[in-house]
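Participant: Handing you this structure, nothing more for now.
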Amino acid sequence: MSGLEFLTFGCRLNTYETEVMRREATAAGLDALDGGAVVVNTCAVTAEAVRQAKQAIRRARRENPQARIIVSGCAAQTDPDAFAVMEEVDLVLGNEEKLHAHSYRQLPEFGVNQFEKIRVNDIMSVRETASHMVESIEGRTRAFVQVQNGCDHRCTFCIIPYGRGNSRSVPAGEVVEQAKQLVGNGYREIVLTGVDLTSWGGDLPGTPSLGRLVQVLLRQIPDLQRLRLSSIDSIEVDKSLMDAIASDPRLMPHFHLSLQSGDDMILKRMKRRHLREDTIRFCNDVRAIRKDAVFGADIIAGFPTETDAMFENSLSILDEAGLTHLHVFPYSPRKGTPAQRMPQLDRSVILQRARILREAGAKRLQAFLQSRVGITAAVLVEKDGFGRTDQFTPVAIEGARAGDLVRGHILGHDGVRLTGKLCDQSAAA
């Protein structure tokens with residue numbers, strides 16, 4: 001190969017950071033290297049995510065024998081040695097190092113030992129999250145804006161704080177300037193991202209809230225047509241955010257919750273800050289002020305000590321909270337976390353419970369899709385013939401062109417996405 005290739009795993013924040021890495025690596029001259037370079041931006045949220053990253057690294061070496069292979073991201077930050085010992089890998093960069101051109105300029109030659117391969121500093125020593133201005137997101141019609149990084153909480157199953165460090169917020173003025181630039185570059189939708197998004201502002205002067213940031217963005221950027229939030233922690237949602245949800249239709253009515261379980265005892269053992277009824281109440285409160293609101297959630301199946309009754313509570317909260325879009329994760333122990341030391345469930349039980357949750361989630365999604373048939377919806381077209389509604393529902397719509405915001409009449413669904421036809425070519429409000 002020649003040039004520069006990126007492989008990105010995990011969250012929306014990683015997608016955003018890949019664009020920063022692309023810019024910095026290009027500035028360092030990696031795109032001009034003989035044989036090219038492959039940069040792998042990893043995820044550490046599950047053991048499976050780490051396995052997939054290693055598999056991709058081996059495949060990249062087979063397909064590009066002369067390329068330099070650089071590995072970064074959360075898995076590289078939390079366990080750099082595991083990647084440094086791979087003969088396919090030339091350099092391991094930490095989550096802070098990957099965002100600076102000088103890290104790439106010091107790319108070692110082949111044959112260095114594993115310690116020279118590693119450039120990973122203590123992520124807990126990082127005190128600020130820089131506003132890395134990204135003028136565009138390659139191949140996308142929506143743009144991600146990082147407003148926060150890191151996490152101050154220590155959920156017993158989670159290794160991510162050790163990959164991202166403590167919570168750090170980007171000042172509101174810098175967020176607004178970046179969003180303005182992206183809107184000026186033609187992006188119709190901005191997605192606010194972070195590791196613990198609803199903690200935004202806690203480390204800034206005056207401790208502003210995420211709700212205040214949302215209100216400022218909507219007020220100061222009148223040309224912004226859509227503002228979307230990535231995963232949120234519902235227990236941290238404040239009145240300002242609820243007011244924005246109620247008053248401005250440009251704030252998209254799809255809310256993805258960091259739920260993890262529907263059982264109170266498991267939530268306590270996870271060291272989550274919410275209880276079952278908190279989630280149900282939040283969903284009901286949002287629906288009361290925003291009739292078109294839909295909810296997704298992350299749920300872990302088979303957390304240590306989870307009994308059949310506890311699992312049934314997770315299963316039943318799908319209906320009680322009215323969840324539509326599920327991300328189900330079979331529990332996998334992460335080295336160094338308290339949950340790793342708890343009594344573990346048999347793997348077959350974990351996988352069975354994950355399957356049951358996914359099947360239940362699929363039924364709820366199908367019911368939701370059926371309820372959309374016959375309506376007219378605003379659709380942001382991501383690529384020709386395919387887009388998403390304001391509720392983040394995928395829709396195949398013939399004749400729609402990438403980048404357009406159109407209105408589509410929903411004709412049916414295939415169990416996974418809607419199908420529709422174009423009503424007109426004018427932008428939808």
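Here's how to read the names in the structure tokens: chain A, B, ... by the order shown, residue numbers from 1 in each chain, ligand numbers from 1 in the order shown.
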Using the chain letters and numbers from this document, which residues of stretch 1-197 of chain A does DSSP assign to helix (DSSP H, G or I), as a VMD selection string?
Facilitator: chain A and resid 12 to 27 30 to 32 47 to 63 74 to 78 80 to 84 97 to 99 101 to 105 114 to 117 123 to 125 160 to 164 172 to 184 197
Participant: Counting only C-alpha atoms, which residues of stretch 162-247 of chain A fall within 8 Å of stretch 72-95 of chain A, and what is the closest atom pair for each with its distance in Å at one decimal, ordered by chain and rising number, as a tab-separated table?
Facilitator:
```
residue	atom	partner	partner_atom	distance
A:Tyr162	CA	A:Thr78	CA	6.2
A:Gly163	CA	A:Cys74	CA	4.7
A:Arg164	CA	A:Cys74	CA	6.9
```
Participant: Would you pick out the contacts of A:Lys363 at 12 Å or less, using only C-alpha atoms, so that residues sharing its chain but fewer than 2 positions from it are not included, and give the list as a compact mmCIF listing (two decimals) with C-alpha atoms, in the first residue's frame?
Facilitator:
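Wrote it out as selection.txt, contents follow:
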```
# COMPACT_ATOMS: atom_id res chain seq x y z
CA LEU A 318 -37.24 -2.74 28.36
CA ASP A 319 -41.03 -2.52 28.43
CA LEU A 323 -36.57 1.25 25.32
CA THR A 324 -36.26 0.96 21.55
CA HIS A 325 -32.59 0.72 20.58
CA LEU A 326 -30.51 -1.70 22.66
CA ILE A 356 -32.58 -13.21 25.19
CA LEU A 357 -32.06 -9.48 25.69
CA ARG A 358 -31.18 -8.99 22.03
CA GLU A 359 -34.25 -10.93 20.90
CA ALA A 360 -36.47 -8.87 23.19
CA GLY A 361 -34.85 -5.70 21.93
CA LEU A 365 -37.55 -2.30 17.61
CA GLN A 366 -39.85 -4.02 15.12
CA ALA A 367 -42.89 -2.74 16.97
CA PHE A 368 -41.46 0.78 16.90
CA LEU A 369 -40.69 0.54 13.18
CA GLN A 370 -44.23 -0.63 12.49
CA GLY A 415 -37.39 -5.37 10.82
CA VAL A 416 -34.17 -3.38 11.06
```
Participant: List every residue of stretch 153-244 of chain A that DSSP, applied to the backbone of this structure, assigns to strand (DSSP E), and report them as a PyMOL selection string.
Facilitator: chain A and resi 168-169+189-193+226-229
Participant: Keeping only N, CA and C atoms, write those residues as a short mmCIF file (atom, residue, chain, number, x, y, z; two decimals), in the first residue's frame.
Facilitator:
```
data_model
loop_
_atom_site.label_atom_id
_atom_site.label_comp_id
_atom_site.auth_asym_id
_atom_site.auth_seq_id
_atom_site.Cartn_x
_atom_site.Cartn_y
_atom_site.Cartn_z
N ARG A 168 -12.59 15.76 32.10
CA ARG A 168 -12.07 17.06 31.66
C ARG A 168 -13.02 17.63 30.61
N SER A 169 -13.33 18.89 30.71
CA SER A 169 -14.31 19.52 29.83
C SER A 169 -13.66 20.54 28.90
N GLU A 189 -25.94 18.35 10.97
CA GLU A 189 -26.14 17.78 12.31
C GLU A 189 -24.82 17.74 13.06
N ILE A 190 -24.85 18.18 14.31
CA ILE A 190 -23.71 18.11 15.22
C ILE A 190 -24.05 17.13 16.33
N VAL A 191 -23.12 16.23 16.64
CA VAL A 191 -23.29 15.28 17.73
C VAL A 191 -22.27 15.60 18.82
N LEU A 192 -22.75 15.90 20.01
CA LEU A 192 -21.85 16.15 21.14
C LEU A 192 -21.41 14.83 21.73
N THR A 193 -20.10 14.65 21.89
CA THR A 193 -19.57 13.38 22.38
C THR A 193 -18.68 13.59 23.59
N ARG A 226 -29.65 20.43 13.34
CA ARG A 226 -29.83 19.30 14.24
C ARG A 226 -28.69 19.25 15.26
N LEU A 227 -29.06 19.08 16.52
CA LEU A 227 -28.07 18.85 17.58
C LEU A 227 -28.45 17.55 18.27
N ARG A 228 -27.48 16.65 18.37
CA ARG A 228 -27.75 15.33 18.95
C ARG A 228 -26.75 15.06 20.07
N LEU A 229 -27.21 14.33 21.08
CA LEU A 229 -26.36 13.92 22.19
C LEU A 229 -25.97 12.46 22.02
#
```
Participant: Measuring atom to atom with only C-alpha atoms, identify which of A:Arg407, A:Arg388, A:His254, A:Arg12 is nearest to A:Asp292.
Facilitator: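 The closest residue to A:Asp292 is A:His254.
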Participant: Quick one: everything within 10 Å of stretch 26-36 of chain A, counting only C-alpha atoms, minus sequence neighbours fewer than 4 positions away in the same chain. Send it as an NGL selection string.
Facilitator: :A and (1-5 or 20-22 or 64-69 or 100-107)
Participant: Next, the residues of the selection above should be written as a PDB file, in the first residue's frame with N, CA and C atoms.
Facilitator:
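Resulting contents of result_8.pdb:
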```
ATOM      1  N   MET A   1       0.844  -1.193   0.000  1.00  0.00           N
ATOM      2  CA  MET A   1       0.000   0.000   0.000  1.00  0.00           C
ATOM      3  C   MET A   1       0.877   1.240   0.000  1.00  0.00           C
ATOM      4  N   SER A   2       0.245   2.372  -0.261  1.00  0.00           N
ATOM      5  CA  SER A   2       0.889   3.668  -0.081  1.00  0.00           C
ATOM      6  C   SER A   2      -0.131   4.568   0.586  1.00  0.00           C
ATOM      7  N   GLY A   3       0.354   5.621   1.244  1.00  0.00           N
ATOM      8  CA  GLY A   3      -0.563   6.515   1.909  1.00  0.00           C
ATOM      9  C   GLY A   3      -0.834   6.104   3.339  1.00  0.00           C
ATOM     10  N   LEU A   4      -1.942   6.613   3.864  1.00  0.00           N
ATOM     11  CA  LEU A   4      -2.253   6.495   5.285  1.00  0.00           C
ATOM     12  C   LEU A   4      -3.649   5.919   5.452  1.00  0.00           C
ATOM     13  N   GLU A   5      -3.764   4.837   6.225  1.00  0.00           N
ATOM     14  CA  GLU A   5      -5.049   4.184   6.456  1.00  0.00           C
ATOM     15  C   GLU A   5      -5.334   4.130   7.959  1.00  0.00           C
ATOM     16  N   VAL A  20      -8.720  13.783  14.170  1.00  0.00           N
ATOM     17  CA  VAL A  20      -7.593  14.543  14.714  1.00  0.00           C
ATOM     18  C   VAL A  20      -6.288  13.802  14.418  1.00  0.00           C
ATOM     19  N   MET A  21      -6.279  12.497  14.636  1.00  0.00           N
ATOM     20  CA  MET A  21      -5.093  11.685  14.369  1.00  0.00           C
ATOM     21  C   MET A  21      -4.705  11.740  12.892  1.00  0.00           C
ATOM     22  N   ARG A  22      -5.697  11.708  12.029  1.00  0.00           N
ATOM     23  CA  ARG A  22      -5.422  11.770  10.582  1.00  0.00           C
ATOM     24  C   ARG A  22      -4.698  13.062  10.233  1.00  0.00           C
ATOM     25  N   ASN A  64      -0.483  -5.618   4.093  1.00  0.00           N
ATOM     26  CA  ASN A  64       0.447  -4.503   3.863  1.00  0.00           C
ATOM     27  C   ASN A  64       1.786  -4.813   4.511  1.00  0.00           C
ATOM     28  N   PRO A  65       2.538  -5.732   3.942  1.00  0.00           N
ATOM     29  CA  PRO A  65       3.758  -6.205   4.601  1.00  0.00           C
ATOM     30  C   PRO A  65       4.813  -5.129   4.813  1.00  0.00           C
ATOM     31  N   GLN A  66       4.816  -4.061   4.016  1.00  0.00           N
ATOM     32  CA  GLN A  66       5.831  -3.018   4.141  1.00  0.00           C
ATOM     33  C   GLN A  66       5.354  -1.810   4.951  1.00  0.00           C
ATOM     34  N   ALA A  67       4.105  -1.798   5.352  1.00  0.00           N
ATOM     35  CA  ALA A  67       3.558  -0.618   6.034  1.00  0.00           C
ATOM     36  C   ALA A  67       4.025  -0.544   7.487  1.00  0.00           C
ATOM     37  N   ARG A  68       4.096   0.674   8.021  1.00  0.00           N
ATOM     38  CA  ARG A  68       4.297   0.865   9.450  1.00  0.00           C
ATOM     39  C   ARG A  68       2.929   0.748  10.120  1.00  0.00           C
ATOM     40  N   ILE A  69       2.845  -0.017  11.181  1.00  0.00           N
ATOM     41  CA  ILE A  69       1.581  -0.189  11.885  1.00  0.00           C
ATOM     42  C   ILE A  69       1.693   0.442  13.272  1.00  0.00           C
ATOM     43  N   HIS A 100      -1.057  14.289  18.787  1.00  0.00           N
ATOM     44  CA  HIS A 100      -0.007  15.279  18.523  1.00  0.00           C
ATOM     45  C   HIS A 100       0.948  14.781  17.444  1.00  0.00           C
ATOM     46  N   ALA A 101       1.255  15.653  16.502  1.00  0.00           N
ATOM     47  CA  ALA A 101       2.080  15.284  15.349  1.00  0.00           C
ATOM     48  C   ALA A 101       3.461  14.795  15.761  1.00  0.00           C
ATOM     49  N   HIS A 102       4.038  15.368  16.807  1.00  0.00           N
ATOM     50  CA  HIS A 102       5.417  14.990  17.169  1.00  0.00           C
ATOM     51  C   HIS A 102       5.507  13.517  17.566  1.00  0.00           C
ATOM     52  N   SER A 103       4.422  12.934  18.039  1.00  0.00           N
ATOM     53  CA  SER A 103       4.442  11.513  18.401  1.00  0.00           C
ATOM     54  C   SER A 103       4.679  10.638  17.181  1.00  0.00           C
ATOM     55  N   TYR A 104       4.142  11.064  16.048  1.00  0.00           N
ATOM     56  CA  TYR A 104       4.286  10.293  14.818  1.00  0.00           C
ATOM     57  C   TYR A 104       5.629  10.560  14.140  1.00  0.00           C
ATOM     58  N   ARG A 105       6.168  11.752  14.341  1.00  0.00           N
ATOM     59  CA  ARG A 105       7.448  12.073  13.707  1.00  0.00           C
ATOM     60  C   ARG A 105       8.578  11.224  14.277  1.00  0.00           C
ATOM     61  N   GLN A 106       8.392  10.718  15.488  1.00  0.00           N
ATOM     62  CA  GLN A 106       9.431   9.924  16.136  1.00  0.00           C
ATOM     63  C   GLN A 106       9.210   8.429  15.909  1.00  0.00           C
ATOM     64  N   LEU A 107       8.516   8.084  14.841  1.00  0.00           N
ATOM     65  CA  LEU A 107       8.247   6.677  14.545  1.00  0.00           C
ATOM     66  C   LEU A 107       9.560   5.896  14.480  1.00  0.00           C
TER      67      LEU A 107
END
```
Participant: Write out as a PyMOL selection string each polymer residue whose atoms come within 7 Å of stretch 40-57 of chain A, counting only C-alpha atoms; drop sequence neighbours fewer than 2 positions from it.
Facilitator: chain A and resi 6-10+38+59-61+70-76+88+159-160+332
Participant: Mind giving me the straight-line distance from atom CA of A:Trp200 to atom CA of A:Ala143 in Å, one decimal?
Facilitator: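 The value is 18.7 Å.
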Participant: Write out as a list in words which residues come within 8 Å of stretch 418-421 of chain A when counting only C-alpha atoms, dropping same-chain ones fewer than 4 positions away.
Facilitator: Leu369, Val373, Thr393, Pro394, Val395, Ala396, Ile397, Glu398, Gly399, Gly408, His409, Ile410, Leu411, Gly412, His413 and Asp414 of chain A
Participant: Please provide the set of residues having any atom within 9 Å of A:Leu241, restricted to only C-alpha atoms, with same-chain residues fewer than 6 positions apart removed, written as a PyMOL selection string.
Facilitator: chain A and resi 209-215
